[in-house]
Every structure is written in C-alpha cells, then in structure tokens.
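What follows is input-v4.txt (compact mmCIF, N, CA and C atoms and all ligand atoms).
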```
# COMPACT_ATOMS: atom_id res chain seq x y z
N MET A 1 -21.94 115.84 181.10
CA MET A 1 -21.13 114.65 181.43
C MET A 1 -22.03 113.42 181.51
N ASN A 2 -21.48 112.29 181.04
CA ASN A 2 -22.25 111.06 181.12
C ASN A 2 -22.43 110.65 182.58
N VAL A 3 -23.63 110.16 182.87
CA VAL A 3 -23.97 109.80 184.25
C VAL A 3 -23.05 108.69 184.79
N LEU A 4 -22.54 107.84 183.89
CA LEU A 4 -21.64 106.76 184.34
C LEU A 4 -20.33 107.31 184.90
N ASN A 5 -19.91 108.48 184.40
CA ASN A 5 -18.68 109.09 184.93
C ASN A 5 -18.88 109.66 186.33
N LEU A 6 -20.15 109.94 186.67
CA LEU A 6 -20.42 110.47 188.01
C LEU A 6 -20.44 109.36 189.07
N ALA A 7 -20.80 108.15 188.63
CA ALA A 7 -20.80 107.01 189.57
C ALA A 7 -19.35 106.67 189.88
N GLN A 8 -19.00 106.68 191.14
CA GLN A 8 -17.60 106.43 191.46
C GLN A 8 -17.42 105.85 192.85
N MET A 9 -16.32 105.13 193.00
CA MET A 9 -15.99 104.57 194.31
C MET A 9 -15.47 105.67 195.23
N LEU A 10 -15.84 105.59 196.48
CA LEU A 10 -15.38 106.54 197.50
C LEU A 10 -14.62 105.76 198.57
N GLU A 11 -13.62 106.39 199.11
CA GLU A 11 -12.86 105.76 200.20
C GLU A 11 -13.01 106.64 201.44
N PHE A 12 -13.45 106.05 202.53
CA PHE A 12 -13.73 106.82 203.74
C PHE A 12 -12.59 106.73 204.74
N GLN A 13 -12.58 107.73 205.63
CA GLN A 13 -11.59 107.73 206.70
C GLN A 13 -11.77 106.49 207.55
N GLN A 14 -10.67 105.87 207.91
CA GLN A 14 -10.72 104.71 208.78
C GLN A 14 -9.90 105.04 210.01
N ARG A 15 -10.56 105.12 211.14
CA ARG A 15 -9.85 105.43 212.38
C ARG A 15 -9.69 104.15 213.18
N GLY A 16 -8.62 103.43 212.93
CA GLY A 16 -8.42 102.19 213.65
C GLY A 16 -7.48 102.38 214.82
N ASP A 17 -7.74 101.67 215.87
CA ASP A 17 -6.76 101.56 216.95
C ASP A 17 -6.91 100.16 217.55
N ASP A 18 -6.28 99.93 218.68
CA ASP A 18 -6.28 98.56 219.18
C ASP A 18 -7.65 98.11 219.69
N ARG A 19 -8.64 99.03 219.65
CA ARG A 19 -10.00 98.64 220.04
C ARG A 19 -10.83 98.20 218.85
N GLY A 20 -10.27 98.42 217.62
CA GLY A 20 -11.02 98.04 216.42
C GLY A 20 -11.09 99.19 215.44
N HIS A 21 -11.99 99.10 214.49
CA HIS A 21 -12.08 100.08 213.41
C HIS A 21 -13.29 101.00 213.59
N LEU A 22 -13.14 102.22 213.11
CA LEU A 22 -14.22 103.18 213.10
C LEU A 22 -14.16 103.90 211.75
N VAL A 23 -15.27 103.88 211.03
CA VAL A 23 -15.32 104.54 209.72
C VAL A 23 -16.31 105.69 209.81
N ILE A 24 -15.92 106.83 209.28
CA ILE A 24 -16.73 108.04 209.40
C ILE A 24 -17.24 108.46 208.03
N VAL A 25 -18.56 108.69 207.95
CA VAL A 25 -19.15 109.17 206.69
C VAL A 25 -20.04 110.37 207.05
N GLU A 26 -19.60 111.56 206.72
CA GLU A 26 -20.38 112.76 207.03
C GLU A 26 -20.98 113.33 205.75
N GLY A 27 -22.27 113.69 205.85
CA GLY A 27 -22.96 114.30 204.72
C GLY A 27 -22.29 115.60 204.31
N GLN A 28 -22.23 115.84 203.02
CA GLN A 28 -21.63 117.04 202.42
C GLN A 28 -20.12 117.14 202.64
N GLN A 29 -19.55 116.15 203.31
CA GLN A 29 -18.10 116.16 203.48
C GLN A 29 -17.46 114.94 202.82
N ASP A 30 -17.84 113.77 203.31
CA ASP A 30 -17.29 112.55 202.73
C ASP A 30 -18.11 112.07 201.54
N ILE A 31 -19.37 112.51 201.49
CA ILE A 31 -20.24 112.19 200.35
C ILE A 31 -20.90 113.50 199.90
N PRO A 32 -21.31 113.59 198.63
CA PRO A 32 -21.71 114.90 198.09
C PRO A 32 -23.17 115.29 198.33
N PHE A 33 -23.78 114.81 199.42
CA PHE A 33 -25.15 115.25 199.73
C PHE A 33 -25.39 115.13 201.23
N ASP A 34 -26.45 115.80 201.70
CA ASP A 34 -26.92 115.63 203.07
C ASP A 34 -27.67 114.30 203.15
N ILE A 35 -27.46 113.57 204.21
CA ILE A 35 -28.11 112.25 204.34
C ILE A 35 -29.50 112.44 204.95
N LYS A 36 -30.53 112.08 204.16
CA LYS A 36 -31.91 112.23 204.66
C LYS A 36 -32.49 110.88 205.11
N ARG A 37 -31.87 109.79 204.64
CA ARG A 37 -32.48 108.46 204.88
C ARG A 37 -31.37 107.42 204.83
N ILE A 38 -31.46 106.43 205.70
CA ILE A 38 -30.61 105.26 205.53
C ILE A 38 -31.49 104.02 205.52
N PHE A 39 -31.08 103.02 204.78
CA PHE A 39 -31.70 101.70 204.87
C PHE A 39 -30.60 100.68 204.61
N TYR A 40 -30.86 99.46 204.99
CA TYR A 40 -29.83 98.46 204.74
C TYR A 40 -30.48 97.15 204.34
N ILE A 41 -29.72 96.42 203.54
CA ILE A 41 -30.22 95.21 202.89
C ILE A 41 -29.34 94.05 203.35
N TYR A 42 -29.95 93.03 203.91
CA TYR A 42 -29.20 91.84 204.29
C TYR A 42 -30.09 90.62 204.12
N GLY A 43 -29.48 89.44 204.10
CA GLY A 43 -30.26 88.22 203.95
C GLY A 43 -30.73 87.97 202.53
N SER A 44 -30.12 88.66 201.55
CA SER A 44 -30.46 88.40 200.15
C SER A 44 -29.64 87.21 199.65
N ASP A 45 -30.31 86.27 199.02
CA ASP A 45 -29.59 85.10 198.48
C ASP A 45 -28.63 85.53 197.38
N HIS A 46 -27.66 84.65 197.13
CA HIS A 46 -26.60 84.90 196.15
C HIS A 46 -27.16 85.20 194.75
N ASP A 47 -28.26 84.54 194.40
CA ASP A 47 -28.80 84.69 193.03
C ASP A 47 -29.86 85.78 192.91
N VAL A 48 -30.06 86.54 193.98
CA VAL A 48 -31.06 87.62 193.96
C VAL A 48 -30.48 88.86 193.28
N VAL A 49 -31.30 89.53 192.47
CA VAL A 49 -30.92 90.84 191.93
C VAL A 49 -31.88 91.87 192.52
N ARG A 50 -31.34 92.85 193.23
CA ARG A 50 -32.17 93.90 193.84
C ARG A 50 -31.98 95.19 193.06
N GLY A 51 -32.62 96.23 193.56
CA GLY A 51 -32.53 97.51 192.85
C GLY A 51 -33.42 97.42 191.63
N GLN A 52 -32.81 97.33 190.47
CA GLN A 52 -33.53 97.28 189.20
C GLN A 52 -34.45 98.49 189.06
N HIS A 53 -33.86 99.63 189.31
CA HIS A 53 -34.60 100.87 189.15
C HIS A 53 -33.64 102.04 188.98
N ALA A 54 -34.20 103.16 188.54
CA ALA A 54 -33.49 104.44 188.55
C ALA A 54 -34.32 105.40 189.39
N ASN A 55 -33.69 106.48 189.83
CA ASN A 55 -34.39 107.47 190.64
C ASN A 55 -34.28 108.84 189.99
N ARG A 56 -35.43 109.49 189.90
CA ARG A 56 -35.44 110.82 189.29
C ARG A 56 -34.71 111.85 190.15
N GLU A 57 -34.78 111.67 191.49
CA GLU A 57 -34.24 112.69 192.40
C GLU A 57 -33.13 112.18 193.31
N SER A 58 -33.25 110.94 193.75
CA SER A 58 -32.36 110.47 194.83
C SER A 58 -30.96 110.16 194.34
N GLU A 59 -30.00 110.57 195.15
CA GLU A 59 -28.62 110.12 195.02
C GLU A 59 -28.38 109.15 196.19
N PHE A 60 -27.48 108.20 195.96
CA PHE A 60 -27.20 107.19 196.98
C PHE A 60 -25.70 106.99 197.14
N VAL A 61 -25.32 106.55 198.34
CA VAL A 61 -24.01 105.93 198.54
C VAL A 61 -24.27 104.56 199.15
N LEU A 62 -23.68 103.54 198.55
CA LEU A 62 -23.86 102.16 199.00
C LEU A 62 -22.54 101.66 199.59
N ILE A 63 -22.65 101.08 200.77
CA ILE A 63 -21.45 100.58 201.49
C ILE A 63 -21.74 99.18 202.00
N ASN A 64 -20.93 98.23 201.65
CA ASN A 64 -21.04 96.90 202.27
C ASN A 64 -20.32 96.94 203.61
N VAL A 65 -21.07 97.24 204.67
CA VAL A 65 -20.44 97.32 205.99
C VAL A 65 -20.03 95.94 206.48
N ALA A 66 -20.62 94.89 205.92
CA ALA A 66 -20.15 93.51 206.12
C ALA A 66 -20.35 92.78 204.81
N GLY A 67 -19.50 91.79 204.55
CA GLY A 67 -19.65 90.98 203.35
C GLY A 67 -19.40 91.76 202.08
N THR A 68 -19.87 91.21 200.98
CA THR A 68 -19.58 91.79 199.66
C THR A 68 -20.82 91.72 198.76
N SER A 69 -20.82 92.59 197.76
CA SER A 69 -21.84 92.53 196.70
C SER A 69 -21.30 93.27 195.50
N LYS A 70 -22.07 93.25 194.42
CA LYS A 70 -21.69 94.00 193.23
C LYS A 70 -22.83 94.94 192.86
N VAL A 71 -22.47 96.02 192.18
CA VAL A 71 -23.46 96.98 191.68
C VAL A 71 -23.19 97.19 190.20
N LYS A 72 -24.21 96.93 189.40
CA LYS A 72 -24.10 97.23 187.96
C LYS A 72 -24.91 98.49 187.68
N VAL A 73 -24.29 99.45 186.99
CA VAL A 73 -24.99 100.68 186.65
C VAL A 73 -25.08 100.82 185.13
N LYS A 74 -26.19 101.38 184.67
CA LYS A 74 -26.40 101.59 183.24
C LYS A 74 -26.89 103.01 183.01
N ASP A 75 -26.46 103.59 181.88
CA ASP A 75 -26.86 104.97 181.58
C ASP A 75 -28.09 105.06 180.68
N GLY A 76 -28.60 103.91 180.24
CA GLY A 76 -29.78 103.93 179.36
C GLY A 76 -29.44 104.22 177.91
N LYS A 77 -28.13 104.38 177.64
CA LYS A 77 -27.68 104.64 176.26
C LYS A 77 -26.78 103.51 175.77
N GLY A 78 -26.82 102.37 176.48
CA GLY A 78 -26.03 101.21 176.06
C GLY A 78 -24.72 101.04 176.79
N ASN A 79 -24.41 101.95 177.71
CA ASN A 79 -23.15 101.84 178.46
C ASN A 79 -23.43 101.33 179.88
N GLU A 80 -22.53 100.50 180.39
CA GLU A 80 -22.69 100.01 181.76
C GLU A 80 -21.34 99.85 182.43
N ALA A 81 -21.37 99.77 183.75
CA ALA A 81 -20.14 99.56 184.53
C ALA A 81 -20.51 98.71 185.74
N ILE A 82 -19.53 97.94 186.21
CA ILE A 82 -19.75 97.07 187.37
C ILE A 82 -18.75 97.46 188.45
N PHE A 83 -19.27 97.61 189.67
CA PHE A 83 -18.42 97.95 190.82
C PHE A 83 -18.54 96.84 191.86
N SER A 84 -17.43 96.49 192.49
CA SER A 84 -17.44 95.50 193.57
C SER A 84 -17.32 96.22 194.90
N LEU A 85 -18.22 95.90 195.80
CA LEU A 85 -18.15 96.44 197.16
C LEU A 85 -17.58 95.35 198.05
N THR A 86 -16.36 95.54 198.51
CA THR A 86 -15.67 94.45 199.21
C THR A 86 -15.07 94.86 200.55
N ARG A 87 -15.15 96.16 200.86
CA ARG A 87 -14.51 96.62 202.10
C ARG A 87 -15.42 97.61 202.82
N PRO A 88 -15.47 97.55 204.16
CA PRO A 88 -16.40 98.42 204.89
C PRO A 88 -16.05 99.90 204.85
N HIS A 89 -14.86 100.24 204.37
CA HIS A 89 -14.51 101.67 204.33
C HIS A 89 -14.50 102.20 202.88
N THR A 90 -15.15 101.46 201.98
CA THR A 90 -15.34 102.00 200.63
C THR A 90 -16.83 101.94 200.29
N GLY A 91 -17.23 102.84 199.41
CA GLY A 91 -18.62 102.87 198.99
C GLY A 91 -18.69 103.30 197.54
N ILE A 92 -19.88 103.20 196.98
CA ILE A 92 -20.07 103.73 195.64
C ILE A 92 -21.10 104.84 195.68
N TYR A 93 -20.76 105.95 195.03
CA TYR A 93 -21.70 107.06 194.87
C TYR A 93 -22.50 106.85 193.59
N LEU A 94 -23.82 106.95 193.70
CA LEU A 94 -24.71 106.78 192.54
C LEU A 94 -25.52 108.05 192.35
N PRO A 95 -25.33 108.74 191.23
CA PRO A 95 -26.09 109.97 190.99
C PRO A 95 -27.54 109.65 190.64
N LYS A 96 -28.35 110.69 190.55
CA LYS A 96 -29.73 110.48 190.10
C LYS A 96 -29.75 110.06 188.63
N MET A 97 -30.83 109.46 188.21
CA MET A 97 -31.05 109.04 186.82
C MET A 97 -29.98 108.09 186.30
N ILE A 98 -29.66 107.10 187.15
CA ILE A 98 -28.78 106.02 186.70
C ILE A 98 -29.48 104.71 187.07
N TRP A 99 -29.46 103.74 186.16
CA TRP A 99 -30.09 102.44 186.45
C TRP A 99 -29.14 101.61 187.29
N LYS A 100 -29.66 100.94 188.32
CA LYS A 100 -28.78 100.18 189.20
C LYS A 100 -29.34 98.81 189.55
N ASP A 101 -28.47 97.82 189.50
CA ASP A 101 -28.77 96.47 189.95
C ASP A 101 -27.76 96.11 191.02
N MET A 102 -28.23 95.58 192.14
CA MET A 102 -27.33 95.08 193.18
C MET A 102 -27.48 93.55 193.20
N TYR A 103 -26.34 92.84 193.23
CA TYR A 103 -26.41 91.40 193.07
C TYR A 103 -25.12 90.76 193.62
N ASP A 104 -25.06 89.43 193.50
CA ASP A 104 -23.87 88.69 193.95
C ASP A 104 -23.60 88.92 195.44
N PHE A 105 -24.67 88.89 196.23
CA PHE A 105 -24.52 89.13 197.67
C PHE A 105 -23.86 87.94 198.35
N SER A 106 -22.85 88.22 199.17
CA SER A 106 -22.30 87.15 200.00
C SER A 106 -23.30 86.85 201.12
N GLU A 107 -23.14 85.70 201.73
CA GLU A 107 -24.11 85.30 202.75
C GLU A 107 -24.14 86.29 203.91
N ASP A 108 -22.98 86.88 204.20
CA ASP A 108 -22.89 87.81 205.33
C ASP A 108 -23.05 89.27 204.91
N SER A 109 -23.53 89.50 203.68
CA SER A 109 -23.61 90.87 203.16
C SER A 109 -24.61 91.73 203.94
N VAL A 110 -24.14 92.87 204.40
CA VAL A 110 -25.02 93.91 204.93
C VAL A 110 -24.71 95.16 204.12
N LEU A 111 -25.66 95.53 203.26
CA LEU A 111 -25.43 96.65 202.33
C LEU A 111 -26.14 97.88 202.87
N LEU A 112 -25.33 98.83 203.33
CA LEU A 112 -25.87 100.07 203.89
C LEU A 112 -26.07 101.07 202.76
N CYS A 113 -27.25 101.67 202.71
CA CYS A 113 -27.57 102.63 201.64
C CYS A 113 -27.89 103.97 202.27
N LEU A 114 -27.14 105.00 201.88
CA LEU A 114 -27.37 106.37 202.33
C LEU A 114 -28.04 107.10 201.19
N ALA A 115 -29.12 107.82 201.49
CA ALA A 115 -29.89 108.47 200.42
C ALA A 115 -30.02 109.96 200.68
N SER A 116 -30.12 110.70 199.59
CA SER A 116 -30.22 112.16 199.68
C SER A 116 -31.65 112.65 199.89
N THR A 117 -32.62 111.72 199.84
CA THR A 117 -34.04 112.11 199.93
C THR A 117 -34.78 111.21 200.92
N HIS A 118 -35.93 111.70 201.36
CA HIS A 118 -36.89 110.83 202.04
C HIS A 118 -37.54 109.95 200.99
N TYR A 119 -38.11 108.84 201.41
CA TYR A 119 -38.67 107.89 200.45
C TYR A 119 -39.90 108.47 199.75
N ASP A 120 -39.89 108.39 198.44
CA ASP A 120 -41.04 108.79 197.63
C ASP A 120 -41.14 107.80 196.47
N PRO A 121 -42.10 106.88 196.53
CA PRO A 121 -42.18 105.85 195.48
C PRO A 121 -42.37 106.44 194.08
N ASN A 122 -42.88 107.67 194.00
CA ASN A 122 -43.14 108.27 192.69
C ASN A 122 -41.88 108.70 191.95
N GLU A 123 -40.75 108.79 192.68
CA GLU A 123 -39.53 109.21 191.98
C GLU A 123 -38.73 107.99 191.51
N TYR A 124 -39.27 106.79 191.75
CA TYR A 124 -38.61 105.57 191.28
C TYR A 124 -39.09 105.23 189.88
N ILE A 125 -38.16 104.91 189.00
CA ILE A 125 -38.49 104.39 187.66
C ILE A 125 -38.12 102.92 187.68
N ARG A 126 -39.12 102.06 187.64
CA ARG A 126 -38.88 100.62 187.82
C ARG A 126 -38.97 99.84 186.52
N ASP A 127 -39.27 100.54 185.43
CA ASP A 127 -39.36 99.87 184.12
C ASP A 127 -38.18 100.35 183.26
N TYR A 128 -37.33 99.39 182.84
CA TYR A 128 -36.11 99.80 182.13
C TYR A 128 -36.42 100.50 180.81
N ASP A 129 -37.43 100.02 180.09
CA ASP A 129 -37.78 100.66 178.81
C ASP A 129 -38.23 102.11 179.02
N GLU A 130 -38.96 102.32 180.11
CA GLU A 130 -39.39 103.69 180.42
C GLU A 130 -38.18 104.56 180.74
N PHE A 131 -37.22 103.99 181.49
CA PHE A 131 -35.99 104.73 181.81
C PHE A 131 -35.26 105.14 180.53
N VAL A 132 -35.11 104.19 179.61
CA VAL A 132 -34.40 104.48 178.35
C VAL A 132 -35.15 105.59 177.59
N LYS A 133 -36.47 105.51 177.60
CA LYS A 133 -37.27 106.53 176.89
C LYS A 133 -37.03 107.91 177.49
N ILE A 134 -37.06 107.98 178.82
CA ILE A 134 -36.87 109.28 179.50
C ILE A 134 -35.47 109.82 179.21
N ILE A 135 -34.45 108.94 179.27
CA ILE A 135 -33.07 109.36 179.01
C ILE A 135 -32.95 109.92 177.60
N ASN A 136 -33.57 109.27 176.66
CA ASN A 136 -33.41 109.70 175.26
C ASN A 136 -34.26 110.91 174.91
N GLU A 137 -35.20 111.25 175.80
CA GLU A 137 -35.99 112.47 175.60
C GLU A 137 -35.29 113.69 176.17
N GLN A 138 -34.26 113.44 177.02
CA GLN A 138 -33.61 114.57 177.72
C GLN A 138 -32.78 115.42 176.76
P1 LIG A 201 -37.12 98.19 196.88
O1 LIG A 201 -36.95 99.58 196.35
O2 LIG A 201 -37.71 97.17 195.98
O3 LIG A 201 -35.73 97.66 197.41
P2 LIG A 201 -34.36 97.42 196.60
O4 LIG A 201 -34.22 98.53 195.62
O5 LIG A 201 -33.33 97.47 197.62
O6 LIG A 201 -34.45 96.08 195.94
O7 LIG A 201 -37.95 98.30 198.21
C1 LIG A 201 -38.57 97.18 198.83
C2 LIG A 201 -39.82 97.66 199.56
O8 LIG A 201 -39.49 98.57 200.60
C3 LIG A 201 -40.79 98.37 198.64
O9 LIG A 201 -42.12 97.97 199.00
C4 LIG A 201 -40.60 99.83 198.96
C5 LIG A 201 -40.15 99.82 200.40
N1 LIG A 201 -39.24 100.91 200.75
C6 LIG A 201 -39.65 101.91 201.59
O10 LIG A 201 -40.80 101.93 202.07
N2 LIG A 201 -38.77 102.90 201.92
C7 LIG A 201 -37.51 102.93 201.43
O11 LIG A 201 -36.71 103.85 201.76
C8 LIG A 201 -37.09 101.89 200.53
C9 LIG A 201 -35.70 101.88 199.96
C10 LIG A 201 -37.98 100.90 200.24
```
Reformat the file's structure so that it appears as structure tokens.
Ligand code: TYD
Amino acid sequence: MNVLNLAQMLEFQQRGDDRGHLVIVEGQQDIPFDIKRIFYIYGSDHDVVRGQHANRESEFVLINVAGTSKVKVKDGKGNEAIFSLTRPHTGIYLPKMIWKDMYDFSEDSVLLCLASTHYDPNEYIRDYDEFVKIINEQ
C-alpha cells in the first residue's frame, strides 16, 4: 500500500460537560502505537516550515491542541497530500517513511506530537533527495 494512504485523520473521543472539554488519546487504542515520546511546537511564525524530514522508524500523531496548522506529506514518488489541523479533538497519523512539512501555523498554534519511539537523530532523513533515493531503492 502507498504510504500516503496510511496517513489519515483521526477523530478522538471528546468528553464534554459543563466544566469544559476533555479529549482522550490512548496508545494502541485511539492511535495505532504505544506512545514513547511527546513533544510540542508553539511560537512558530506563520511563514515557518518545520519538519522537512522523514523517519525510518518513528510513527507520529500530530494534534493542534490549540490554534491551527497544516501538514503536507509526500511519498517520494511524486504524490503529496495536505491535511489541515483545526480542532483539538482531531489529529493526523503519520506512518514511518513519509516526508512531512508542518506550516501555516496560527499565532496561537500549539502542535502536540505523539511519537512511537524515543528520540534517535540517526533515524531522521533530513535530505529530500536522499529520501527519494531510499524510497526508490525499496
Ligand atoms: P526538529 O526535528 O528540527 O523539529 P521539527 O521537526 O519539529 O521542525 O528538532 C529541533 C531540535 O530539537 C533538533 O536539534 C533536534 C531536537 N529534538 C530532540 O532533541 N528530541 C526530539 O524528540 C525532537 C523532536 C527534537
């Protein structure tokens, strides 16, 4: 299956009552991996493009818990898709070996990233040409 078909929007349980909202994301239940790491990105200017890498091992779920942003994904074979993160109870699942750019951050954007791995800089592919080469060798 093409890696772009694996990237998909997820909708999480929202438990709202008169005290406010509560969104639940459980590893292996609401998302397809155990959560080993979280990080979050905020304070990125509107014209900043983050990400710009693929990961050999890591899978991610990205959630704009506040504000909005966009995620562009590429398969390295000329196909791409753009997802808008606009609600705190939706996220995007990103499989391994997919190129990703995060951009169009609103001023109040807080982008929560759930990862399937601990951080290992060696599993990051930060050169797009190298990514395309690896994809076409597979
Ligand atoms: P980077 O991967 O460039 O962030 P993004 O993909 O969101 O644009 O990471 C920025 C810096 O933070 C870089 O020096 C690596 C470091 N970093 C960690 O040490 N651990 C992590 O889990 C992540 C995501 C980044």
Neighbours of ligand LIG 201 (chain A) at 8 Å or closer, counting all atoms listed in the file: which residues, as a PyMOL selection string?
chain A and resi 37-41+49-53+100+102+117-121
Thr86 of chain A: which residues within 8 Å, counting only N, CA and C atoms, same-chain residues fewer than 2 positions away excluded, as a PDB file with N, CA and C atoms, in the frame of the given file?
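New file selection.pdb:
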```
ATOM      1  N   ILE A  63     -22.650 101.080 200.770  1.00  0.00           N
ATOM      2  CA  ILE A  63     -21.450 100.580 201.490  1.00  0.00           C
ATOM      3  C   ILE A  63     -21.740  99.180 202.000  1.00  0.00           C
ATOM      4  N   ASN A  64     -20.930  98.230 201.650  1.00  0.00           N
ATOM      5  CA  ASN A  64     -21.040  96.900 202.270  1.00  0.00           C
ATOM      6  C   ASN A  64     -20.320  96.940 203.610  1.00  0.00           C
ATOM      7  N   VAL A  65     -21.070  97.240 204.670  1.00  0.00           N
ATOM      8  CA  VAL A  65     -20.440  97.320 205.990  1.00  0.00           C
ATOM      9  C   VAL A  65     -20.030  95.940 206.480  1.00  0.00           C
ATOM     10  N   ALA A  66     -20.620  94.890 205.920  1.00  0.00           N
ATOM     11  CA  ALA A  66     -20.150  93.510 206.120  1.00  0.00           C
ATOM     12  C   ALA A  66     -20.350  92.780 204.810  1.00  0.00           C
ATOM     13  N   GLY A  67     -19.500  91.790 204.550  1.00  0.00           N
ATOM     14  CA  GLY A  67     -19.650  90.980 203.350  1.00  0.00           C
ATOM     15  C   GLY A  67     -19.400  91.760 202.080  1.00  0.00           C
ATOM     16  N   THR A  68     -19.870  91.210 200.980  1.00  0.00           N
ATOM     17  CA  THR A  68     -19.580  91.790 199.660  1.00  0.00           C
ATOM     18  C   THR A  68     -20.820  91.720 198.760  1.00  0.00           C
ATOM     19  N   SER A  69     -20.820  92.590 197.760  1.00  0.00           N
ATOM     20  CA  SER A  69     -21.840  92.530 196.700  1.00  0.00           C
ATOM     21  C   SER A  69     -21.300  93.270 195.500  1.00  0.00           C
ATOM     22  N   LYS A  70     -22.070  93.250 194.420  1.00  0.00           N
ATOM     23  CA  LYS A  70     -21.690  94.000 193.230  1.00  0.00           C
ATOM     24  C   LYS A  70     -22.830  94.940 192.860  1.00  0.00           C
ATOM     25  N   PHE A  83     -19.270  97.610 189.670  1.00  0.00           N
ATOM     26  CA  PHE A  83     -18.420  97.950 190.820  1.00  0.00           C
ATOM     27  C   PHE A  83     -18.540  96.840 191.860  1.00  0.00           C
ATOM     28  N   SER A  84     -17.430  96.490 192.490  1.00  0.00           N
ATOM     29  CA  SER A  84     -17.440  95.500 193.570  1.00  0.00           C
ATOM     30  C   SER A  84     -17.320  96.220 194.900  1.00  0.00           C
ATOM     31  N   PRO A  88     -15.470  97.550 204.160  1.00  0.00           N
ATOM     32  CA  PRO A  88     -16.400  98.420 204.890  1.00  0.00           C
ATOM     33  C   PRO A  88     -16.050  99.900 204.850  1.00  0.00           C
ATOM     34  N   HIS A  89     -14.860 100.240 204.370  1.00  0.00           N
ATOM     35  CA  HIS A  89     -14.510 101.670 204.330  1.00  0.00           C
ATOM     36  C   HIS A  89     -14.500 102.200 202.880  1.00  0.00           C
ATOM     37  N   THR A  90     -15.150 101.460 201.980  1.00  0.00           N
ATOM     38  CA  THR A  90     -15.340 102.000 200.630  1.00  0.00           C
ATOM     39  C   THR A  90     -16.830 101.940 200.290  1.00  0.00           C
ATOM     40  N   GLY A  91     -17.230 102.840 199.410  1.00  0.00           N
ATOM     41  CA  GLY A  91     -18.620 102.870 198.990  1.00  0.00           C
ATOM     42  C   GLY A  91     -18.690 103.300 197.540  1.00  0.00           C
TER      43      GLY A  91
END
```
Which residues, written as a count of residues only, have at least one atom at most 12 Å from segment 71-76 of chain A, with only C-alpha atoms counted and residues fewer than 3 positions away on the same chain left out?
56
Give the strand (DSSP E) residues of segment 5-137 of chain A, as DSSP finds them on the backbone, and put them as a PyMOL selection string.
chain A and resi 8-11+13-14+23-24+37-42+50-55+60-66+69-74+80-85+90-94+99-103+110-115+124-125
Atom-to-atom span, atom C of Ser58 of chain A and atom CA of Tyr124 of chain A, Å
9.4 Å
Go ahead and compute the interatomic distance for atom CA of Gly16 of chain A and atom CA of Ile31 of chain A, in Å to one decimal.
20.4 Å
Using only C-alpha atoms, which of the listed residues (A:Glu59, A:Asn122, A:Gly78, A:Ser44) sits closest to Ser106 of chain A?
A:Ser44
Coordinates-based distance that separates atom CA of Asp47 of chain A from atom N of Leu112 of chain A (Å, one decimal):
17.8 Å
DSSP on the backbone, then: every residue of chain A marked helix (DSSP H, G or I), written as a list in words.
Val3, Leu4, Asn5, Leu6, Pro121, Asn122, Glu123, Tyr128, Asp129, Glu130, Phe131, Val132, Lys133, Ile134, Ile135, Asn136 and Glu137 of chain A
Export of segment 64-81 of chain A: C-alpha atoms, as a tab-separated table (two decimals), in the first residue's frame:
```
chain	number	residue	atom	x	y	z
A	64	ASN	CA	-3.28	21.02	17.22
A	65	VAL	CA	-4.44	21.22	20.83
A	66	ALA	CA	-4.74	24.99	20.26
A	67	GLY	CA	-4.79	27.00	17.05
A	68	THR	CA	-4.30	25.58	13.59
A	69	SER	CA	-1.61	24.40	11.18
A	70	LYS	CA	-1.23	22.36	8.03
A	71	VAL	CA	0.75	19.21	7.31
A	72	LYS	CA	1.96	18.34	3.82
A	73	VAL	CA	3.04	14.74	3.27
A	74	LYS	CA	4.96	13.31	0.32
A	75	ASP	CA	5.66	9.70	-0.64
A	76	GLY	CA	8.89	10.42	-2.53
A	77	LYS	CA	7.30	9.15	-5.75
A	78	GLY	CA	5.71	12.45	-6.78
A	79	ASN	CA	2.48	12.17	-4.78
A	80	GLU	CA	1.52	14.52	-1.96
A	81	ALA	CA	-1.42	15.38	0.28
```
